[in-house]
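What follows is the content of coords22.cif (mmCIF, C-alpha atoms).
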```
data_structure
loop_
_atom_site.label_atom_id
_atom_site.label_comp_id
_atom_site.auth_asym_id
_atom_site.auth_seq_id
_atom_site.Cartn_x
_atom_site.Cartn_y
_atom_site.Cartn_z
CA MET K 1 17.12 0.47 25.19
CA ILE K 2 13.61 -0.89 25.57
CA LYS K 3 12.19 2.52 26.37
CA GLY K 4 13.90 3.95 23.29
CA ILE K 5 12.46 1.24 21.06
CA ILE K 6 8.95 1.85 22.35
CA SER K 7 8.98 5.63 22.02
CA ASN K 8 10.55 5.40 18.57
CA GLY K 9 7.90 2.99 17.35
CA LEU K 10 4.97 4.82 18.87
CA TYR K 11 5.77 8.43 18.10
CA ASN K 12 9.27 9.59 17.14
CA ASN K 13 9.51 7.39 14.08
CA ASN K 14 5.83 6.67 13.66
CA ALA K 15 5.42 4.55 10.53
CA ILE K 16 2.69 6.67 8.96
CA PHE K 17 3.14 10.20 10.29
CA LYS K 18 6.92 10.30 10.17
CA GLN K 19 8.24 7.68 7.78
CA MET K 20 5.36 7.61 5.28
CA LEU K 21 5.41 3.84 5.08
CA GLY K 22 2.46 1.52 4.62
CA LEU K 23 0.32 4.18 3.02
CA CYS K 24 -1.75 1.90 0.80
CA PRO K 25 -3.64 0.10 3.57
CA THR K 26 -3.74 3.33 5.58
CA LEU K 27 -5.66 5.22 2.95
CA ALA K 28 -7.80 2.35 1.80
CA VAL K 29 -9.19 0.89 5.02
CA SER K 30 -9.46 4.02 7.14
CA THR K 31 -13.11 4.56 6.21
CA SER K 32 -14.25 3.75 9.75
CA SER K 33 -12.67 3.37 13.17
CA MET K 34 -13.56 -0.32 13.32
CA ASN K 35 -11.87 -1.17 10.01
CA ALA K 36 -8.84 0.90 10.96
CA LEU K 37 -8.49 -0.93 14.27
CA GLY K 38 -8.87 -4.36 12.65
CA MET K 39 -6.30 -3.64 9.98
CA GLY K 40 -3.87 -2.12 12.48
CA LEU K 41 -4.05 -5.11 14.81
CA ALA K 42 -3.69 -7.62 11.94
CA THR K 43 -0.56 -5.79 10.79
CA THR K 44 0.78 -5.67 14.36
CA ALA K 45 0.34 -9.44 14.68
CA VAL K 46 2.16 -10.11 11.42
CA LEU K 47 4.90 -7.64 12.28
CA THR K 48 5.55 -9.09 15.73
CA GLY K 49 5.60 -12.66 14.44
CA SER K 50 7.82 -11.97 11.47
CA ASN K 51 10.20 -9.81 13.51
CA PHE K 52 10.58 -12.64 16.04
CA VAL K 53 11.27 -15.37 13.49
CA ILE K 54 13.57 -13.23 11.36
CA SER K 55 15.65 -12.17 14.35
CA ILE K 56 16.26 -15.88 15.11
CA VAL K 57 17.03 -17.08 11.59
CA ALA K 58 18.73 -13.97 10.17
CA LYS K 59 22.28 -15.16 10.85
CA TYR K 60 21.76 -18.39 8.90
CA ILE K 61 20.45 -16.69 5.74
CA PRO K 62 23.02 -15.81 3.04
CA LYS K 63 23.09 -12.10 2.37
CA ASN K 64 22.11 -12.29 -1.33
CA VAL K 65 18.83 -14.09 -0.79
CA ARG K 66 17.76 -12.36 2.40
CA ILE K 67 14.97 -10.20 0.93
CA PRO K 68 13.15 -13.11 -0.79
CA SER K 69 13.59 -15.19 2.37
CA TYR K 70 12.12 -12.44 4.55
CA ILE K 71 9.19 -12.09 2.15
CA VAL K 72 8.45 -15.81 2.38
CA ILE K 73 8.52 -15.69 6.20
CA ILE K 74 6.23 -12.65 6.19
CA ALA K 75 3.91 -14.28 3.62
CA CYS K 76 3.55 -17.32 5.92
CA PHE K 77 2.43 -15.14 8.82
CA VAL K 78 0.07 -13.19 6.58
CA THR K 79 -1.51 -16.42 5.35
CA ILE K 80 -2.01 -17.59 8.95
CA ILE K 81 -3.66 -14.31 9.98
CA ASP K 82 -5.73 -14.31 6.79
CA GLN K 83 -7.10 -17.79 7.49
CA MET K 84 -7.71 -17.01 11.16
CA MET K 85 -9.65 -13.86 10.37
CA LYS K 86 -11.67 -15.68 7.72
CA ALA K 87 -12.65 -18.27 10.32
CA ASN K 88 -13.34 -15.99 13.30
CA LEU K 89 -14.03 -12.46 12.04
CA TYR K 90 -15.69 -13.12 8.72
CA SER K 91 -17.48 -9.77 8.27
CA LEU K 92 -14.34 -7.75 9.06
CA HIS K 93 -12.32 -9.99 6.74
CA LYS K 94 -14.79 -9.31 3.97
CA VAL K 95 -14.59 -5.53 4.39
CA LEU K 96 -10.78 -5.47 4.48
CA GLY K 97 -10.73 -7.89 1.56
CA ILE K 98 -7.65 -7.75 -0.60
CA PHE K 99 -5.75 -5.63 1.91
CA ILE K 100 -5.17 -8.56 4.27
CA PRO K 101 -3.06 -10.57 1.77
CA LEU K 102 -1.43 -7.29 0.77
CA ILE K 103 0.16 -6.96 4.23
CA VAL K 104 2.92 -9.02 2.59
CA VAL K 105 4.04 -6.04 0.57
CA ASN K 106 3.47 -3.51 3.34
CA CYS K 107 6.75 -1.64 3.43
CA ILE K 108 6.60 -1.34 7.24
CA VAL K 109 6.90 -5.08 7.77
CA LEU K 110 9.80 -5.63 5.38
CA GLY K 111 11.39 -2.39 6.56
CA ARG K 112 11.45 -3.48 10.21
CA ALA K 113 12.76 -6.92 9.22
CA GLU K 114 15.65 -5.38 7.33
CA ALA K 115 16.40 -2.44 9.60
CA PHE K 116 15.81 -3.94 13.04
CA ALA K 117 15.02 -7.64 13.39
CA SER K 118 17.95 -8.87 11.30
CA LYS K 119 20.41 -7.12 13.63
CA ASN K 120 18.85 -7.50 17.07
CA LYS K 121 17.96 -10.13 19.67
CA PRO K 122 14.55 -11.85 19.56
CA LEU K 123 13.23 -10.13 22.70
CA TYR K 124 14.02 -6.64 21.40
CA SER K 125 12.60 -7.57 18.02
CA ILE K 126 9.29 -8.58 19.55
CA ILE K 127 9.09 -5.30 21.47
CA ASP K 128 9.99 -3.39 18.33
CA GLY K 129 7.35 -5.23 16.30
CA LEU K 130 4.70 -4.53 18.93
CA SER K 131 5.49 -0.85 19.33
CA VAL K 132 5.83 -0.09 15.62
CA GLY K 133 2.62 -2.04 15.00
CA LEU K 134 0.77 -0.17 17.73
CA GLY K 135 2.09 3.15 16.42
CA PHE K 136 0.68 2.18 13.03
CA THR K 137 -2.62 1.14 14.62
CA ILE K 138 -2.96 4.41 16.53
CA ALA K 139 -2.26 6.51 13.43
CA LEU K 140 -4.71 4.44 11.42
CA PHE K 141 -7.30 4.73 14.18
CA ILE K 142 -6.99 8.53 14.34
CA LEU K 143 -7.47 8.83 10.58
CA GLY K 144 -10.32 6.28 10.58
CA SER K 145 -12.15 7.97 13.44
CA PHE K 146 -11.91 11.42 11.87
CA ARG K 147 -13.22 10.11 8.59
CA GLU K 148 -16.05 8.15 10.17
CA ILE K 149 -17.20 10.97 12.45
CA ILE K 150 -17.18 13.58 9.70
CA GLY K 151 -18.21 11.36 6.81
CA ALA K 152 -20.93 9.33 8.47
CA GLY K 153 -21.55 11.11 11.78
CA THR K 154 -20.84 7.93 13.73
CA PHE K 155 -18.06 6.50 15.91
CA PHE K 156 -17.78 2.71 16.08
CA GLU K 157 -21.12 2.75 14.29
CA MET K 158 -22.76 4.69 17.12
CA PRO K 159 -24.20 8.10 16.21
CA VAL K 160 -22.22 10.87 17.88
CA MET K 161 -23.35 13.94 15.98
CA LEU K 162 -26.60 15.85 16.40
CA SER K 163 -29.45 14.40 14.37
CA SER K 164 -29.49 17.57 12.27
CA TYR K 165 -25.87 16.92 11.22
CA ASN K 166 -25.55 16.37 7.51
CA PRO K 167 -22.65 13.92 6.91
CA LEU K 168 -19.92 15.18 4.62
CA LEU K 169 -19.86 12.19 2.31
CA ILE K 170 -16.57 13.13 0.68
CA ALA K 171 -14.70 12.14 3.86
CA ILE K 172 -15.37 8.44 3.37
CA LEU K 173 -14.91 8.53 -0.40
CA PRO K 174 -11.39 7.97 -1.81
CA PRO K 175 -10.43 11.68 -2.16
CA GLY K 176 -11.26 12.19 1.51
CA ALA K 177 -8.49 9.79 2.52
CA PHE K 178 -5.83 11.91 0.83
CA LEU K 179 -7.30 15.21 2.02
CA PHE K 180 -7.68 14.11 5.64
CA LEU K 181 -4.20 12.61 5.85
CA GLY K 182 -2.87 15.86 4.39
CA PHE K 183 -4.65 17.91 7.05
CA ILE K 184 -3.59 15.60 9.88
CA LEU K 185 0.04 15.82 8.75
CA ALA K 186 -0.22 19.61 8.61
CA GLY K 187 -1.68 19.53 12.12
CA LYS K 188 1.20 17.40 13.32
CA GLN K 189 3.75 19.81 11.84
CA PHE K 190 1.95 22.66 13.59
CA LEU K 191 1.96 20.74 16.89
CA ASP K 192 5.63 19.78 16.63
CA ASP K 193 6.49 23.37 15.89
CA LYS K 194 4.58 24.63 18.94
CA LEU K 195 6.20 21.98 21.20
CA LYS K 196 9.64 22.96 19.95
CA GLY K 197 8.89 26.60 20.70
CA GLU K 198 8.11 25.79 24.35
CA LYS K 199 11.40 24.05 25.01
CA MET E 1 -15.46 -5.87 -28.38
CA GLU E 2 -17.42 -3.26 -26.44
CA HIS E 3 -17.10 -5.35 -23.31
CA PHE E 4 -13.30 -5.32 -23.54
CA LEU E 5 -13.18 -1.61 -24.23
CA LEU E 6 -15.32 -0.92 -21.17
CA LEU E 7 -13.15 -3.24 -19.08
CA PHE E 8 -10.07 -1.30 -20.17
CA ILE E 9 -11.59 2.11 -19.43
CA GLY E 10 -12.94 0.85 -16.14
CA ALA E 11 -9.53 -0.37 -15.05
CA ALA E 12 -7.61 2.67 -16.28
CA LEU E 13 -9.90 5.56 -15.39
CA VAL E 14 -13.01 4.75 -13.37
CA ASN E 15 -11.40 2.45 -10.81
CA ASN E 16 -7.97 3.95 -11.12
CA ILE E 17 -5.63 1.75 -9.14
CA VAL E 18 -3.90 4.57 -7.29
CA LEU E 19 -6.61 7.15 -6.84
CA SER E 20 -9.60 4.99 -6.06
CA ARG E 21 -8.25 1.58 -5.06
CA PHE E 22 -5.24 2.91 -3.13
CA LEU E 23 -2.73 0.40 -4.41
CA GLY E 24 0.82 1.42 -5.23
CA ILE E 25 0.74 4.60 -3.16
CA CYS E 26 4.37 4.20 -2.06
CA PRO E 27 5.90 4.55 -5.54
CA PHE E 28 3.19 7.10 -6.35
CA MET E 29 4.45 9.34 -3.53
CA GLY E 30 8.11 8.33 -3.74
CA VAL E 31 8.89 8.50 -7.45
CA SER E 32 6.68 11.40 -8.50
CA LYS E 33 9.20 14.14 -7.76
CA SER E 34 10.25 14.48 -11.42
CA SER E 35 8.36 13.56 -14.55
CA GLU E 36 11.31 11.72 -16.11
CA THR E 37 11.58 9.11 -13.38
CA ALA E 38 7.80 8.91 -13.30
CA VAL E 39 7.71 7.88 -16.95
CA GLY E 40 10.46 5.28 -16.41
CA MET E 41 8.69 3.86 -13.38
CA SER E 42 5.32 3.65 -15.15
CA LEU E 43 6.83 1.78 -18.09
CA SER E 44 8.60 -0.76 -15.92
CA VAL E 45 5.52 -1.28 -13.77
CA ALA E 46 3.35 -1.76 -16.86
CA PHE E 47 5.78 -4.36 -18.14
CA VAL E 48 6.13 -6.30 -14.88
CA MET E 49 2.43 -6.04 -14.02
CA THR E 50 1.22 -7.51 -17.30
CA ILE E 51 3.75 -10.36 -17.32
CA SER E 52 3.43 -11.25 -13.65
CA SER E 53 -0.38 -11.29 -13.76
CA THR E 54 -0.25 -13.58 -16.77
CA VAL E 55 2.18 -16.00 -15.11
CA SER E 56 0.29 -15.91 -11.79
CA PHE E 57 -2.98 -16.52 -13.63
CA ILE E 58 -1.59 -19.56 -15.47
CA ILE E 59 -0.02 -21.05 -12.34
CA ASP E 60 -3.21 -20.44 -10.38
CA LYS E 61 -5.39 -22.15 -13.01
CA PHE E 62 -3.13 -25.11 -13.78
CA VAL E 63 -1.27 -25.77 -10.53
CA LEU E 64 -2.94 -24.28 -7.46
CA ILE E 65 -6.62 -24.92 -8.21
CA PRO E 66 -6.20 -28.56 -9.41
CA LEU E 67 -4.15 -29.31 -6.30
CA GLY E 68 -6.56 -27.48 -4.00
CA LEU E 69 -3.87 -25.11 -2.74
CA GLU E 70 -5.80 -21.83 -3.05
CA ASN E 71 -4.71 -20.91 0.48
CA LEU E 72 -1.13 -20.56 -0.65
CA ARG E 73 -1.93 -17.95 -3.29
CA THR E 74 -0.34 -15.05 -1.44
CA ILE E 75 2.97 -16.86 -0.93
CA VAL E 76 3.12 -18.27 -4.47
CA PHE E 77 2.18 -15.00 -6.18
CA ILE E 78 4.72 -12.92 -4.30
CA LEU E 79 7.43 -15.45 -5.15
CA ILE E 80 6.47 -15.32 -8.83
CA ILE E 81 6.63 -11.54 -8.77
CA ALA E 82 9.97 -11.44 -6.95
CA ALA E 83 11.49 -13.96 -9.37
CA LEU E 84 10.10 -12.15 -12.41
CA VAL E 85 11.38 -8.77 -11.28
CA GLN E 86 14.84 -10.28 -10.83
CA PHE E 87 14.60 -11.87 -14.28
CA VAL E 88 13.36 -8.71 -15.99
CA GLU E 89 16.15 -6.79 -14.30
CA MET E 90 18.78 -9.16 -15.72
CA VAL E 91 17.28 -9.08 -19.22
CA ILE E 92 17.09 -5.28 -19.31
CA GLU E 93 20.61 -4.98 -17.96
CA LYS E 94 21.97 -7.18 -20.79
CA THR E 95 19.86 -5.91 -23.67
CA LEU E 96 19.04 -2.28 -22.87
CA PRO E 97 21.80 -0.90 -20.63
CA GLN E 98 20.62 2.69 -21.09
CA LEU E 99 17.12 1.96 -19.86
CA TYR E 100 18.62 -0.05 -17.00
CA ALA E 101 20.77 2.89 -15.88
CA GLY E 102 17.74 5.16 -16.09
CA LEU E 103 15.49 2.94 -13.99
CA GLY E 104 18.17 2.26 -11.40
CA ILE E 105 16.74 1.48 -7.99
CA TYR E 106 13.11 1.53 -9.13
CA LEU E 107 13.23 -1.82 -10.82
CA PRO E 108 13.92 -3.98 -7.72
CA LEU E 109 11.44 -1.85 -5.77
CA ILE E 110 8.60 -3.08 -7.97
CA THR E 111 8.63 -6.32 -5.95
CA THR E 112 7.15 -4.46 -3.01
CA ASN E 113 4.76 -2.42 -5.14
CA CYS E 114 1.43 -3.60 -3.81
CA ALA E 115 -0.28 -2.73 -7.10
CA VAL E 116 1.47 -5.63 -8.81
CA LEU E 117 0.43 -8.22 -6.24
CA GLY E 118 -2.94 -6.50 -5.94
CA VAL E 119 -3.76 -6.94 -9.62
CA ALA E 120 -2.72 -10.61 -9.54
CA LEU E 121 -5.09 -11.16 -6.59
CA LEU E 122 -7.92 -9.10 -8.11
CA ASN E 123 -7.76 -11.18 -11.29
CA VAL E 124 -8.50 -14.26 -9.20
CA GLN E 125 -11.17 -12.52 -7.16
CA TYR E 126 -13.09 -11.30 -10.22
CA ASP E 127 -12.82 -14.68 -11.90
CA TYR E 128 -11.66 -13.27 -15.24
CA SER E 129 -11.07 -15.26 -18.41
CA PHE E 130 -7.58 -15.20 -19.92
CA LEU E 131 -8.27 -12.37 -22.37
CA GLU E 132 -10.13 -10.30 -19.78
CA MET E 133 -7.25 -10.78 -17.38
CA ILE E 134 -4.70 -9.43 -19.88
CA ILE E 135 -6.86 -6.41 -20.69
CA PHE E 136 -7.57 -5.72 -17.02
CA SER E 137 -3.88 -5.93 -16.07
CA PHE E 138 -2.79 -3.74 -18.93
CA GLY E 139 -5.58 -1.22 -18.29
CA THR E 140 -4.63 -1.04 -14.62
CA ALA E 141 -1.00 -0.47 -15.53
CA THR E 142 -2.06 2.30 -17.92
CA GLY E 143 -4.08 3.91 -15.16
CA PHE E 144 -1.12 3.70 -12.80
CA GLY E 145 1.16 5.34 -15.37
CA LEU E 146 -1.39 8.04 -16.16
CA ALA E 147 -1.88 8.95 -12.50
CA LEU E 148 1.85 8.87 -11.75
CA VAL E 149 2.87 11.07 -14.69
CA LEU E 150 0.04 13.56 -14.11
CA PHE E 151 0.93 13.77 -10.45
CA SER E 152 4.63 14.27 -11.12
CA LEU E 153 3.82 17.18 -13.44
CA LEU E 154 1.67 18.70 -10.69
CA ARG E 155 4.46 18.29 -8.17
CA GLU E 156 6.98 19.98 -10.45
CA ARG E 157 4.63 22.93 -10.53
CA ILE E 158 4.02 23.14 -6.79
CA GLU E 159 7.77 23.54 -6.28
CA TYR E 160 7.44 27.10 -7.53
CA SER E 161 4.33 28.12 -5.61
CA THR E 162 4.03 29.54 -2.13
CA VAL E 163 2.58 27.01 0.27
CA PRO E 164 1.29 27.85 3.78
CA LYS E 165 4.01 27.19 6.36
CA TYR E 166 2.63 24.07 8.00
CA PHE E 167 1.55 22.54 4.71
CA LYS E 168 5.09 22.48 3.29
CA GLY E 169 6.43 19.07 2.38
CA MET E 170 4.14 16.07 2.53
CA PRO E 171 0.80 17.62 3.63
CA ILE E 172 0.36 19.65 0.46
CA VAL E 173 1.30 16.63 -1.64
CA PHE E 174 -1.51 14.61 -0.05
CA ILE E 175 -4.00 17.41 -0.53
CA MET E 176 -3.01 17.63 -4.19
CA ALA E 177 -3.49 13.88 -4.52
CA GLY E 178 -6.92 14.31 -2.96
CA ILE E 179 -7.89 16.92 -5.53
CA LEU E 180 -6.57 14.75 -8.38
CA SER E 181 -8.59 11.86 -6.97
CA LEU E 182 -11.67 14.11 -6.91
CA ALA E 183 -11.08 14.87 -10.57
CA PHE E 184 -10.89 11.18 -11.38
CA MET E 185 -14.20 10.64 -9.58
CA GLY E 186 -15.72 12.51 -12.48
CA PHE E 187 -15.24 9.36 -14.55
CA SER E 188 -17.47 7.25 -12.30
CA GLY E 189 -20.76 6.41 -13.92
CA MET E 190 -19.08 6.00 -17.30
CA VAL E 191 -18.79 2.27 -16.73
CA LYS E 192 -20.88 0.25 -14.32
#
```
Can the structure from this file be put into structure tokens for me?
Amino acid sequence: MIKGIISNGLYNNNAIFKQMLGLCPTLAVSTSSMNALGMGLATTAVLTGSNFVISIVAKYIPKNVRIPSYIVIIACFVTIIDQMMKANLYSLHKVLGIFIPLIVVNCIVLGRAEAFASKNKPLYSIIDGLSVGLGFTIALFILGSFREIIGAGTFFEMPVMLSSYNPLLIAILPPGAFLFLGFILAGKQFLDDKLKGEK
Amino acid sequence: MEHFLLLFIGAALVNNIVLSRFLGICPFMGVSKSSETAVGMSLSVAFVMTISSTVSFIIDKFVLIPLGLENLRTIVFILIIAALVQFVEMVIEKTLPQLYAGLGIYLPLITTNCAVLGVALLNVQYDYSFLEMIIFSFGTATGFGLALVLFSLLRERIEYSTVPKYFKGMPIVFIMAGILSLAFMGFSGMVK
């Protein structure tokens, strides 16, 4: 059970690459590996917390008002994370800006609450929140790293390309986000196809 | 007058909410398969976005700021939006049943459209006056509709073209969105 939850969250049903959920923050904050990591971990924290609380209270919530109730629970966790990041990681908070409060409407978080946490035990829900969140973080990190390396020639703000490398600015501009995600998805389809062929 | 016109163009074209701010990507990708649903979705988003920003703005100015509760903005705004969407849904169902049947599932989904909450939060961040706020919200909604309808027309076309094997499905859609976004970058510089 636990193993299944983890592999589903991390790869098989990866939130970005497979389910196409949570695309707004993915495209917007993946301009560098650092931003991608920060956003991914913030979402993971919210997801784990909200999954845990919702799995406990789900049976007491009437069916008709469950979505608004879930949103309020999620909004509470988002506000906590928002305030914590403002206090401790001010520069990161400033870069991510409006996308931290917007975790509330990230479809991944509400999706997991509805599809998993409301039907499962707290322990499983925590594991599910963590693995889906980490799957999201990894996908975000891959996209962010690609864009930073190609668009700025750096990785975690350290230069990794030759000094003669001329950064391809388009990669960190908005169109680059769409183009790179498109190419990564095509690469994944290619990879999946090759893996299937081996079996 | 010029200021308001520039604000409108800036919100609709230069800083297009979907293609340069990346808000509302989920409906942008999800509902753009046919141009008919795209038009319905854009109209309902425009409606909800303008009303919800106005209500959020008024509540923020007259309730949250006087009481010093700015920290609760996220929670309060999302509740306003959820309640409004429910309300709009009921009104449309009673008064315009045809439109209601056409919009179907898209109406409740607006609650989780991050563009709607995003605009409400941006209005606060930019410290707009009441009139500026209305123009900004409406301009943003126009930009959302424009991008969505354009994109749905593109997607109807790509159905009939040959796409490389591994780019079938979502990858080509993202690459198309990238090219459309590139085209919209041409507007930058029009408004500071």
- request: Starting from the shown file, work through the PyMOL selection byres ((chain E) within 6 of (chain K)) and note down what comes out as a PyMOL selection string.
  value: chain E and resi 20+22-23+25+75+112+114+166-167+171+174-175+178+181-182
field: atom CA of K:Asn120 to atom CA of K:Ser55, straight-line distance in Å
entry: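 So the two atoms, atom CA of K:Ser55 and atom CA of K:Asn120, lie 6.3 Å apart.
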- request: Enumerate, as a PyMOL selection string, the residues matched when the PyMOL selection byres ((chain E and resi 3-13) around 12) is run on the file above.
  value: chain E and resi 1-2+14-21+46+119+122-123+126+128-147+181+183-192
field: Residue contacts of K:Asn8 (12 Å, all atoms listed in the file) excluding same-chain residues fewer than 5 positions away, as JSON, numbers by chain
entry: {"K": [1, 2, 3, 13, 14, 15, 18, 19, 127, 128, 129, 130, 131, 132, 133, 134, 135, 136]}
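Our summary of the geometry notes that atom CA of E:Met29 is positioned 25.0 Å from atom CA of K:Gly151.
Comparing K:Met161, K:Glu148, K:Phe156, K:Ser118 by their smallest distance to K:Ile61, the closest is K:Ser118 (using only C-alpha atoms).
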- prompt: How many Å lie between atom CA of K:Ala42 and atom CA of E:Phe28, rounded to one decimal?
  reply: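 Going from atom CA of K:Ala42 over to atom CA of E:Phe28 covers 24.5 Å.
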task: Go through E:Ala115, E:Ala83, E:Val124, E:Val88 and flag the residue nearest E:Lys61, using all atoms listed in the file for the distances.
output: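 Distance minimum relative to E:Lys61 lands on E:Val124.
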Selection dump of the PyMOL selection byres ((chain K and resi 54) around 8), as a list in words: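 Answer for the PyMOL selection byres ((chain K and resi 54) around 8): Ser50, Asn51, Phe52, Val53, Ser55, Ile56, Val57, Ala58, Tyr70, Ile73, Ala113, Ala117 and Ser118 of chain K.
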Residues near stretch 152-162 of chain E, cut-off 9 Å, all atoms listed in the file, skip fewer than 2 positions along chain, as a VMD selection string: chain E and resid 28 31 to 38 147 to 150 164 to 165 168 172 to 173 176
